[in-house]
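Content type CSV, C-alpha atoms, from the file work_24.csv:
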chain,number,residue,atom,x,y,z
A,1,MET,CA,-55.5,-29.6,18.0
A,2,HIS,CA,-51.8,-28.9,18.6
A,3,LYS,CA,-49.7,-31.8,17.4
A,4,HIS,CA,-47.4,-31.5,20.4
A,5,LEU,CA,-50.2,-31.5,23.0
A,6,GLU,CA,-49.8,-35.1,24.0
A,7,GLN,CA,-46.0,-34.8,24.5
A,8,VAL,CA,-46.3,-31.7,26.6
A,9,GLY,CA,-49.1,-33.1,28.6
A,10,LYS,CA,-47.3,-36.3,29.5
A,11,LEU,CA,-44.2,-34.4,30.6
A,12,LEU,CA,-45.9,-31.6,32.5
A,13,VAL,CA,-45.9,-32.8,36.1
A,14,PRO,CA,-42.5,-34.4,35.9
A,15,VAL,CA,-41.0,-31.2,34.5
A,16,ILE,CA,-42.7,-29.2,37.4
A,17,ALA,CA,-41.2,-31.6,39.9
A,18,TYR,CA,-37.7,-31.7,38.4
A,19,GLY,CA,-37.3,-27.9,38.6
A,20,ASP,CA,-38.7,-28.0,42.2
A,21,ALA,CA,-36.3,-30.8,43.3
A,22,ALA,CA,-33.3,-29.2,41.5
A,23,GLY,CA,-33.9,-25.9,43.3
A,24,LEU,CA,-34.8,-27.1,46.8
A,25,PRO,CA,-31.2,-27.5,47.9
A,26,ALA,CA,-30.5,-23.8,46.9
A,27,GLU,CA,-33.7,-22.2,48.3
A,28,ASN,CA,-33.1,-19.3,50.7
A,29,SER,CA,-29.4,-19.1,49.7
A,30,SER,CA,-27.9,-16.2,47.7
A,31,ALA,CA,-26.1,-16.7,44.4
A,32,ALA,CA,-22.8,-15.9,46.2
A,33,GLU,CA,-23.5,-18.5,48.9
A,34,ILE,CA,-24.3,-21.2,46.3
A,35,ALA,CA,-21.1,-20.4,44.4
A,36,GLU,CA,-19.0,-20.6,47.6
A,37,ARG,CA,-20.6,-23.9,48.7
A,38,PHE,CA,-21.1,-25.8,45.5
A,39,GLY,CA,-19.2,-23.9,42.8
A,40,ARG,CA,-22.2,-24.5,40.4
A,41,ILE,CA,-25.1,-26.8,40.9
A,42,ASP,CA,-25.8,-28.8,37.7
A,43,LYS,CA,-27.6,-31.9,39.1
A,44,LEU,CA,-30.1,-33.1,41.7
A,45,LEU,CA,-28.7,-32.8,45.2
A,46,PRO,CA,-30.1,-33.7,48.6
A,47,PRO,CA,-31.8,-30.7,50.2
A,48,SER,CA,-29.5,-30.8,53.2
A,49,ASN,CA,-29.5,-27.0,53.6
A,50,ARG,CA,-33.2,-27.1,54.7
A,51,PHE,CA,-33.5,-28.2,58.3
A,52,HIS,CA,-36.9,-30.0,57.8
A,53,TYR,CA,-35.6,-31.7,54.6
A,54,LYS,CA,-32.1,-32.5,55.8
A,55,ASP,CA,-32.5,-36.3,55.8
A,56,LYS,CA,-34.2,-36.4,52.4
A,57,PRO,CA,-32.5,-37.8,49.3
A,58,ALA,CA,-31.7,-36.1,46.0
A,59,GLY,CA,-34.9,-35.7,44.0
A,60,THR,CA,-37.1,-34.7,46.9
A,61,TRP,CA,-39.6,-32.1,45.8
A,62,SER,CA,-41.7,-29.6,47.8
A,63,ASP,CA,-45.1,-28.0,48.0
A,64,ASP,CA,-44.6,-26.6,44.5
A,65,THR,CA,-45.1,-30.0,43.1
A,66,GLN,CA,-47.6,-31.2,45.8
A,67,LEU,CA,-49.9,-28.3,45.1
A,68,SER,CA,-49.6,-28.6,41.3
A,69,LEU,CA,-50.6,-32.2,41.7
A,70,ALA,CA,-53.7,-31.1,43.7
A,71,VAL,CA,-54.7,-28.7,40.9
A,72,ALA,CA,-54.2,-31.4,38.3
A,73,GLU,CA,-56.0,-34.1,40.2
A,74,SER,CA,-59.0,-31.8,40.7
A,75,LEU,CA,-59.2,-31.0,37.0
A,76,ILE,CA,-59.1,-34.7,36.2
A,77,GLU,CA,-61.8,-35.6,38.8
A,78,ALA,CA,-64.1,-32.7,38.1
A,79,LYS,CA,-63.5,-32.9,34.3
A,80,GLY,CA,-62.7,-29.2,34.3
A,81,PHE,CA,-62.3,-26.3,36.7
A,82,ASP,CA,-64.5,-26.4,39.8
A,83,PHE,CA,-63.6,-24.1,42.6
A,84,GLN,CA,-65.2,-26.2,45.3
A,85,ASN,CA,-63.4,-29.3,44.1
A,86,GLN,CA,-60.1,-27.4,43.9
A,87,ALA,CA,-60.7,-26.3,47.5
A,88,GLU,CA,-61.3,-30.0,48.5
A,89,HIS,CA,-58.1,-31.1,46.9
A,90,LEU,CA,-56.2,-28.3,48.6
A,91,ILE,CA,-57.6,-29.5,52.0
A,92,GLN,CA,-56.6,-33.1,51.2
A,93,ALA,CA,-53.1,-32.0,50.4
A,94,PHE,CA,-53.0,-30.1,53.7
A,95,HIS,CA,-54.1,-33.2,55.7
A,96,GLN,CA,-51.5,-35.3,53.9
A,97,THR,CA,-48.6,-33.0,54.8
A,98,PRO,CA,-46.6,-33.5,58.0
A,99,LEU,CA,-46.7,-30.5,60.3
A,100,ILE,CA,-43.5,-28.8,61.4
A,101,ASN,CA,-42.8,-26.1,64.0
A,102,HIS,CA,-42.0,-22.9,62.2
A,103,GLN,CA,-41.2,-19.9,64.5
A,104,GLY,CA,-43.5,-21.3,67.1
A,105,THR,CA,-46.4,-22.0,64.7
A,106,GLN,CA,-47.4,-25.5,63.4
A,107,MET,CA,-47.3,-25.4,59.6
A,108,PRO,CA,-47.4,-28.0,56.8
A,109,LEU,CA,-43.9,-28.9,55.6
A,110,GLY,CA,-42.8,-26.5,52.9
A,111,TRP,CA,-46.1,-24.5,52.7
A,112,GLY,CA,-46.2,-20.8,52.8
A,113,GLY,CA,-48.2,-18.9,55.4
A,114,ASN,CA,-50.7,-17.5,52.9
A,115,THR,CA,-51.8,-20.9,51.6
A,116,THR,CA,-51.8,-22.4,55.1
A,117,ASN,CA,-54.0,-19.6,56.5
A,118,SER,CA,-56.4,-20.0,53.6
A,119,VAL,CA,-56.8,-23.7,54.2
A,120,LYS,CA,-57.4,-23.1,57.9
A,121,ARG,CA,-60.2,-20.7,56.8
A,122,LEU,CA,-61.7,-23.4,54.6
A,123,LEU,CA,-61.6,-25.9,57.5
A,124,ASP,CA,-63.4,-23.3,59.6
A,125,GLY,CA,-66.2,-23.2,57.1
A,126,VAL,CA,-65.3,-20.1,55.2
A,127,PRO,CA,-66.4,-20.6,51.5
A,128,PRO,CA,-63.6,-20.8,48.9
A,129,THR,CA,-64.7,-17.5,47.4
A,130,GLU,CA,-63.6,-15.8,50.7
A,131,SER,CA,-60.8,-18.0,51.9
A,132,GLY,CA,-57.8,-16.2,50.3
A,133,GLU,CA,-55.3,-14.4,52.4
A,134,PRO,CA,-56.1,-10.6,52.1
A,135,HIS,CA,-53.4,-8.6,50.4
A,136,ALA,CA,-51.2,-11.7,49.7
A,137,THR,CA,-48.7,-11.1,47.0
A,138,THR,CA,-46.4,-14.1,47.2
A,139,ASN,CA,-45.9,-16.7,44.4
A,140,GLY,CA,-48.0,-19.6,45.8
A,141,VAL,CA,-50.3,-19.6,42.7
A,142,LEU,CA,-47.7,-19.1,40.0
A,143,MET,CA,-45.9,-22.3,41.0
A,144,LYS,CA,-49.1,-24.4,40.6
A,145,LEU,CA,-50.7,-22.7,37.6
A,146,ALA,CA,-49.4,-24.8,34.7
A,147,PRO,CA,-51.9,-27.7,34.9
A,148,LEU,CA,-54.8,-25.2,34.6
A,149,VAL,CA,-53.1,-23.4,31.7
A,150,PHE,CA,-52.5,-26.8,30.0
A,151,TRP,CA,-56.2,-27.6,30.5
A,152,HIS,CA,-57.3,-24.3,29.0
A,153,TYR,CA,-55.0,-24.8,26.0
A,154,ALA,CA,-56.1,-28.3,25.4
A,155,THR,CA,-59.8,-27.5,25.7
A,156,GLN,CA,-59.5,-24.2,23.8
A,157,THR,CA,-61.2,-22.3,26.6
A,158,ASN,CA,-62.1,-18.7,25.7
A,159,ASP,CA,-60.3,-15.8,27.3
A,160,GLN,CA,-63.3,-14.7,29.4
A,161,GLN,CA,-63.6,-18.1,31.0
A,162,ARG,CA,-59.8,-18.5,31.3
A,163,TYR,CA,-59.4,-15.3,33.3
A,164,ALA,CA,-62.4,-16.0,35.5
A,165,GLU,CA,-61.0,-19.4,36.5
A,166,ILE,CA,-57.5,-18.1,36.9
A,167,ASP,CA,-58.8,-15.4,39.2
A,168,VAL,CA,-60.8,-17.9,41.3
A,169,LEU,CA,-57.8,-20.2,41.7
A,170,THR,CA,-55.6,-17.3,42.7
A,171,GLN,CA,-58.1,-15.8,45.2
A,172,LEU,CA,-58.7,-19.2,46.8
A,173,THR,CA,-55.4,-18.5,48.6
A,174,HIS,CA,-54.1,-15.1,47.5
A,175,ASN,CA,-56.7,-12.4,47.6
A,176,SER,CA,-55.0,-9.4,46.0
A,177,ASP,CA,-55.1,-7.6,42.6
A,178,GLU,CA,-51.3,-8.0,42.4
A,179,ALA,CA,-51.6,-11.8,42.7
A,180,VAL,CA,-54.4,-11.9,40.1
A,181,LEU,CA,-52.4,-9.7,37.8
A,182,CYS,CA,-49.3,-12.0,38.0
A,183,SER,CA,-51.4,-15.1,37.5
A,184,ARG,CA,-53.1,-13.7,34.4
A,185,VAL,CA,-49.9,-12.5,32.9
A,186,HIS,CA,-48.1,-15.8,33.5
A,187,ALA,CA,-51.0,-17.8,32.1
A,188,ASP,CA,-50.9,-15.7,28.9
A,189,VAL,CA,-47.2,-16.1,28.6
A,190,LEU,CA,-47.4,-19.9,29.0
A,191,MET,CA,-50.1,-19.9,26.3
A,192,TRP,CA,-47.9,-17.8,24.0
A,193,CYS,CA,-45.0,-20.1,24.5
A,194,PHE,CA,-47.1,-23.0,23.4
A,195,ASP,CA,-48.1,-21.2,20.2
A,196,PHE,CA,-44.7,-19.6,19.4
A,197,SER,CA,-43.1,-20.8,16.3
A,198,ASN,CA,-39.9,-19.0,15.2
A,199,ASN,CA,-40.1,-18.4,11.5
A,200,GLY,CA,-36.9,-16.4,11.5
A,201,SER,CA,-38.5,-13.0,11.1
A,202,THR,CA,-37.8,-12.0,14.7
A,203,SER,CA,-35.8,-13.3,17.6
A,204,LEU,CA,-37.3,-15.3,20.5
A,205,ARG,CA,-36.0,-12.7,22.9
A,206,ARG,CA,-37.6,-9.7,21.0
A,207,ALA,CA,-40.9,-11.5,20.5
A,208,PHE,CA,-41.1,-12.7,24.1
A,209,VAL,CA,-40.3,-9.4,25.7
A,210,ASP,CA,-42.6,-7.5,23.5
A,211,TYR,CA,-45.5,-9.9,24.3
A,212,VAL,CA,-44.8,-9.9,28.0
A,213,LEU,CA,-44.7,-6.2,28.4
A,214,ALA,CA,-47.8,-5.8,26.2
A,215,ARG,CA,-49.8,-8.3,28.3
A,216,VAL,CA,-48.7,-6.7,31.6
A,217,MET,CA,-49.9,-3.3,30.4
A,218,PHE,CA,-53.2,-4.8,29.2
A,219,HIS,CA,-53.9,-6.5,32.5
A,220,GLU,CA,-52.7,-3.6,34.7
A,221,GLN,CA,-55.2,-1.4,32.8
A,222,ALA,CA,-58.0,-4.0,32.9
A,223,LEU,CA,-57.6,-4.3,36.7
A,224,GLY,CA,-57.2,-0.6,37.2
A,225,MET,CA,-53.9,-1.0,38.8
A,226,GLN,CA,-50.9,1.4,39.2
A,227,PRO,CA,-48.0,-0.1,37.2
A,228,LYS,CA,-45.9,-2.3,39.4
A,229,LEU,CA,-45.2,-5.4,37.4
A,230,SER,CA,-44.4,-3.5,34.2
A,231,PRO,CA,-41.5,-1.5,35.7
A,232,ALA,CA,-40.1,-4.7,37.3
A,233,LEU,CA,-40.0,-6.4,33.9
A,234,GLN,CA,-38.7,-3.5,31.9
A,235,TYR,CA,-35.1,-4.5,32.4
A,236,LEU,CA,-35.7,-7.5,30.0
A,237,ALA,CA,-35.7,-5.1,27.1
A,238,GLU,CA,-32.6,-3.2,28.1
A,239,VAL,CA,-29.8,-5.6,27.0
A,240,ASP,CA,-29.1,-8.5,24.8
A,241,PRO,CA,-28.0,-11.0,25.9
A,242,ILE,CA,-29.3,-11.0,29.4
A,243,THR,CA,-26.9,-12.6,31.9
A,244,PRO,CA,-27.5,-14.1,35.4
A,245,GLU,CA,-25.6,-11.1,36.8
A,246,PHE,CA,-27.9,-8.7,35.1
A,247,ILE,CA,-30.9,-10.5,36.5
A,248,LEU,CA,-29.5,-10.1,40.0
A,249,GLN,CA,-28.8,-6.5,39.4
A,250,ASN,CA,-32.4,-5.8,38.3
A,251,THR,CA,-34.4,-7.9,40.8
A,252,ASP,CA,-34.4,-8.5,44.5
A,253,GLY,CA,-32.4,-11.7,43.9
A,254,LYS,CA,-35.0,-13.6,46.0
A,255,GLY,CA,-38.2,-14.0,44.1
A,256,PHE,CA,-40.6,-14.9,46.8
A,257,ASP,CA,-42.9,-12.1,45.9
A,258,ALA,CA,-45.0,-12.8,42.7
A,259,VAL,CA,-43.8,-9.7,40.9
A,260,GLN,CA,-40.1,-10.6,41.6
A,261,THR,CA,-40.8,-14.3,40.7
A,262,LEU,CA,-41.8,-13.3,37.2
A,263,ALA,CA,-39.0,-10.8,36.9
A,264,MET,CA,-36.4,-13.4,37.8
A,265,THR,CA,-38.1,-16.3,35.9
A,266,TYR,CA,-38.5,-14.4,32.6
A,267,GLY,CA,-34.9,-13.4,32.8
A,268,VAL,CA,-33.8,-17.0,33.4
A,269,PHE,CA,-36.0,-18.1,30.5
A,270,LEU,CA,-34.1,-15.7,28.2
A,271,VAL,CA,-30.6,-16.7,29.5
A,272,GLY,CA,-31.2,-20.4,29.0
A,273,HIS,CA,-31.6,-22.2,25.7
A,274,ASN,CA,-33.2,-25.5,26.8
A,275,PHE,CA,-34.9,-27.1,29.7
A,276,ALA,CA,-31.8,-28.0,31.8
A,277,SER,CA,-30.0,-24.7,31.2
A,278,ARG,CA,-33.0,-22.7,32.3
A,279,VAL,CA,-33.6,-24.9,35.3
A,280,TYR,CA,-30.0,-24.7,36.5
A,281,THR,CA,-29.7,-21.0,35.7
A,282,ALA,CA,-32.5,-20.5,38.1
A,283,VAL,CA,-31.1,-22.8,40.7
A,284,ASN,CA,-27.8,-21.0,40.9
A,285,LEU,CA,-29.4,-17.6,41.4
A,286,GLY,CA,-30.8,-18.8,44.7
A,287,GLY,CA,-33.7,-17.2,46.5
A,288,ASP,CA,-36.9,-19.0,45.9
A,289,ALA,CA,-34.9,-21.3,43.7
A,290,ASP,CA,-37.3,-24.3,43.7
A,291,SER,CA,-40.3,-22.2,42.5
A,292,ILE,CA,-38.3,-20.2,40.0
A,293,ALA,CA,-36.6,-23.3,38.5
A,294,SER,CA,-39.9,-25.1,38.3
A,295,VAL,CA,-41.8,-22.2,36.6
A,296,ALA,CA,-38.9,-21.6,34.2
A,297,GLY,CA,-38.7,-25.3,33.4
A,298,THR,CA,-42.4,-25.3,32.6
A,299,LEU,CA,-42.0,-22.3,30.3
A,300,SER,CA,-39.3,-24.2,28.5
A,301,LEU,CA,-41.5,-27.2,28.0
A,302,PHE,CA,-44.3,-25.1,26.6
A,303,LEU,CA,-41.9,-23.3,24.2
A,304,ASP,CA,-39.9,-26.4,23.0
A,305,LYS,CA,-42.9,-28.8,23.1
A,306,THR,CA,-40.5,-31.3,24.7
A,307,ALA,CA,-37.9,-31.5,27.4
A,308,ARG,CA,-34.9,-33.7,27.4
A,309,LEU,CA,-35.1,-34.6,31.1
A,310,PRO,CA,-31.6,-34.9,32.6
A,311,ASP,CA,-30.0,-38.3,33.3
A,312,ASP,CA,-30.8,-38.0,37.0
A,313,PHE,CA,-34.6,-37.7,36.4
A,314,HIS,CA,-35.0,-41.2,37.7
A,315,LEU,CA,-34.1,-39.9,41.2
A,316,LEU,CA,-37.3,-37.9,41.4
A,317,GLN,CA,-39.5,-38.7,44.4
A,318,ASP,CA,-42.6,-40.7,43.3
A,319,SER,CA,-41.6,-40.4,39.6
A,320,ALA,CA,-44.3,-43.0,38.6
A,321,LEU,CA,-47.0,-41.0,40.3
A,322,LEU,CA,-45.8,-37.8,38.5
A,323,LYS,CA,-46.0,-39.5,35.1
A,324,ASP,CA,-49.3,-41.1,35.8
A,325,VAL,CA,-51.0,-37.8,36.8
A,326,SER,CA,-49.6,-36.2,33.7
A,327,VAL,CA,-51.0,-38.9,31.4
A,328,ARG,CA,-54.4,-38.8,33.1
A,329,LEU,CA,-54.5,-35.0,32.9
A,330,HIS,CA,-53.8,-35.1,29.1
A,331,ARG,CA,-56.4,-37.8,28.6
A,332,ALA,CA,-59.0,-35.9,30.6
A,333,ALA,CA,-58.3,-32.7,28.8
A,334,THR,CA,-58.5,-34.3,25.4
A,335,ASP,CA,-61.1,-37.0,26.1
A,336,GLY,CA,-58.6,-39.7,25.7
What is this file in structure tokens?
Amino acid sequence: MHKHLEQVGKLLVPVIAYGDAAGLPAENSSAAEIAERFGRIDKLLPPSNRFHYKDKPAGTWSDDTQLSLAVAESLIEAKGFDFQNQAEHLIQAFHQTPLINHQGTQMPLGWGGNTTNSVKRLLDGVPPTESGEPHATTNGVLMKLAPLVFWHYATQTNDQQRYAEIDVLTQLTHNSDEAVLCSRVHADVLMWCFDFSNNGSTSLRRAFVDYVLARVMFHEQALGMQPKLSPALQYLAEVDPITPEFILQNTDGKGFDAVQTLAMTYGVFLVGHNFASRVYTAVNLGGDADSIASVAGTLSLFLDKTARLPDDFHLLQDSALLKDVSVRLHRAATDG
């Protein structure tokens, strides 16, 4: 068993939440707007830019963390992946979330429309195998995938079972080949980061980009898809070093779509050199800043096998809960 498994497991949910909370004040803003308003964000701030979060303190996290917690709690309770149990925890999260009026529709605070509509189907009696929003290609699964990948790594789950469970979790809310493709690729990349050890024979950037592009091609072919993700990620191989400006030039600069989430996140991963630099590179790009910062921070944790959480980590909402769930997830995955 990997010697760093316990350290990664116990930091996992706090790392997810820190990236989420760091990015929430910048979500839906452009990089130029962030620079004009803040100069550069380098610490947790109150999410005062978001109307429904405007009275919340620094350290407030969003649905990214809430739904990651639901995935983790289900894995703990079911002692593994159980799609019915995952659906039940998703419904619980829905009921625990205050409703807001969004463009005339009542929606859970922070939730995307695809996840919301899927839960409503579940509540109407639609089985979890059919509840996912048809053709949904947003990033609502990528942001909550890490607990399942950690479980797969810790339990040494074989690839056939891994992909089957990833597909089911994805299609619970996002029923499209594009969403499945992005989930599979990102799960593979997280696993690769956990296993990567730089022996000096090749650079992290070269090894990472080669692996990412190879796995994208593999899964596009396995799913019988026309290439869409591979062209979006090709820019990663074009220059060294990658800069935040180059990321913005080669993506939509928003990242709400799953393909663009990965394009921006993997660029951020290569720009940064540790947890904090990757998180705040993502934050200052704007767009879906909370999701991208959270996913990039998790990649950093899996690569470095640790994360020096910034000094303002103590500001995180429900920090004791985050740590507790992480500890219990590790224990459940490793039988103690």
Review point. Leaving out Leu213 of chain A and any residue of its chain fewer than 2 positions from it, which residues lie within 10 Å of it when counting only C-alpha atoms, given as a list in words?
Key: Val185, Phe208, Val209, Asp210, Tyr211, Arg215, Val216, Met217, Phe218, Leu229, Ser230, Pro231, Leu233, Gln234, Leu236 and Ala237 of chain A
Point to revise | Long-range neighbours of segment 1-10 of chain A as a list in words, 9 Å cut-off, all atoms listed in the file, 3 positions minimum in chain | key: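 The contact residues come out as Val13, Pro14, Pro147, Phe150, Tyr153, Ala154, Gln156, Phe194, Asp195, Leu301, Phe302, Lys305, Thr306, Ala307, Lys323, Asp324, Val325, Ser326, Val327, Arg328, Leu329, His330, Arg331 and Thr334 of chain A.
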Practice item. Name the closest residue to Ile247 of chain A among the candidates A:Thr261, A:Asp64, A:Val268, A:Ile100; distances are taken between atoms, counting only C-alpha atoms. Key: A:Val268
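Each of A:Ala282, A:Leu169, A:Ala333, A:Tyr235 was compared to Ala78 of chain A using only C-alpha atoms, and A:Ala333 turns out to be the nearest.
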Check your understanding: Looking at all atoms listed in the file, which of A:Glu178, A:Phe81, A:Asp124, A:Asn114 is the one that sits closest to Ile166 of chain A?
Key ->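 Smallest separation from Ile166 of chain A among the options: A:Phe81.
Of the residues under consideration (A:Pro108, A:Pro98, A:Gly286, A:Gly253), A:Gly286 shows the shortest atom-to-atom contact distance to Ala22 of chain A when counting all atoms listed in the file.
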Check your understanding: Which is closest to Asp257 of chain A among A:His174, A:Arg205, A:Arg40, A:Arg308, if we use all atoms listed in the file?
Key ->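 Of A:His174, A:Arg205, A:Arg40, A:Arg308, the one nearest Asp257 of chain A, counting all atoms listed in the file, is A:His174.
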Taking 4 positions as the minimum chain separation for residues in the same chain, which residues sit within 7 Å of Arg184 of chain A when counting all atoms listed in the file? Answer as a JSON list (two decimals) with C-alpha atoms, in the frame of the given file.
[["chain", "number", "residue", "atom", "x", "y", "z"],
["A", 163, "TYR", "CA", -59.40, -15.30, 33.30],
["A", 166, "ILE", "CA", -57.50, -18.10, 36.90],
["A", 180, "VAL", "CA", -54.40, -11.90, 40.10],
["A", 188, "ASP", "CA", -50.90, -15.70, 28.90]]
Check your understanding: Leaving out Glu165 of chain A and any residue of its chain fewer than 2 positions from it, which residues lie within 9 Å of it when counting all atoms listed in the file, given as a VMD selection string?
Key -> chain A and resid 81 to 83 148 160 to 163 167 to 170
Exercise for review: May I have the residues within 12 Å of segment 43-58 of chain A as a count of residues only, using all atoms listed in the file and disregarding those fewer than 3 positions away in the same chain?
Suggested key: 48
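Among the candidates A:Leu142, A:Leu223, A:Met264, A:Ala93, the one nearest to Ala187 of chain A when counting all atoms listed in the file is A:Leu142.
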Point to revise | Distance of atom CA of Gln260 of chain A from atom CA of Ala87 of chain A, expressed in Å to one decimal place | key: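 So the answer is 26.6 Å.
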Exercise for review: State, in Å with one decimal place, the distance from atom CA of Thr97 of chain A to atom CA of Ala72 of chain A.
Suggested key: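 So the answer is 17.5 Å.
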Exercise for review: State, in Å with one decimal place, the distance from atom CA of Leu69 of chain A to atom CA of Lys144 of chain A.
Suggested key: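 Atom-to-atom, atom CA of Leu69 of chain A to atom CA of Lys144 of chain A, that is 8.0 Å.
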Check your understanding: Using all atoms listed in the file, what residues lie at most 12 Å away from (-54.4, -22.2, 55.8) (file coordinates), given as a PyMOL selection string?
Key -> chain A and resi 87+90-91+93-95+105-108+111-126+128+131-133+172-174
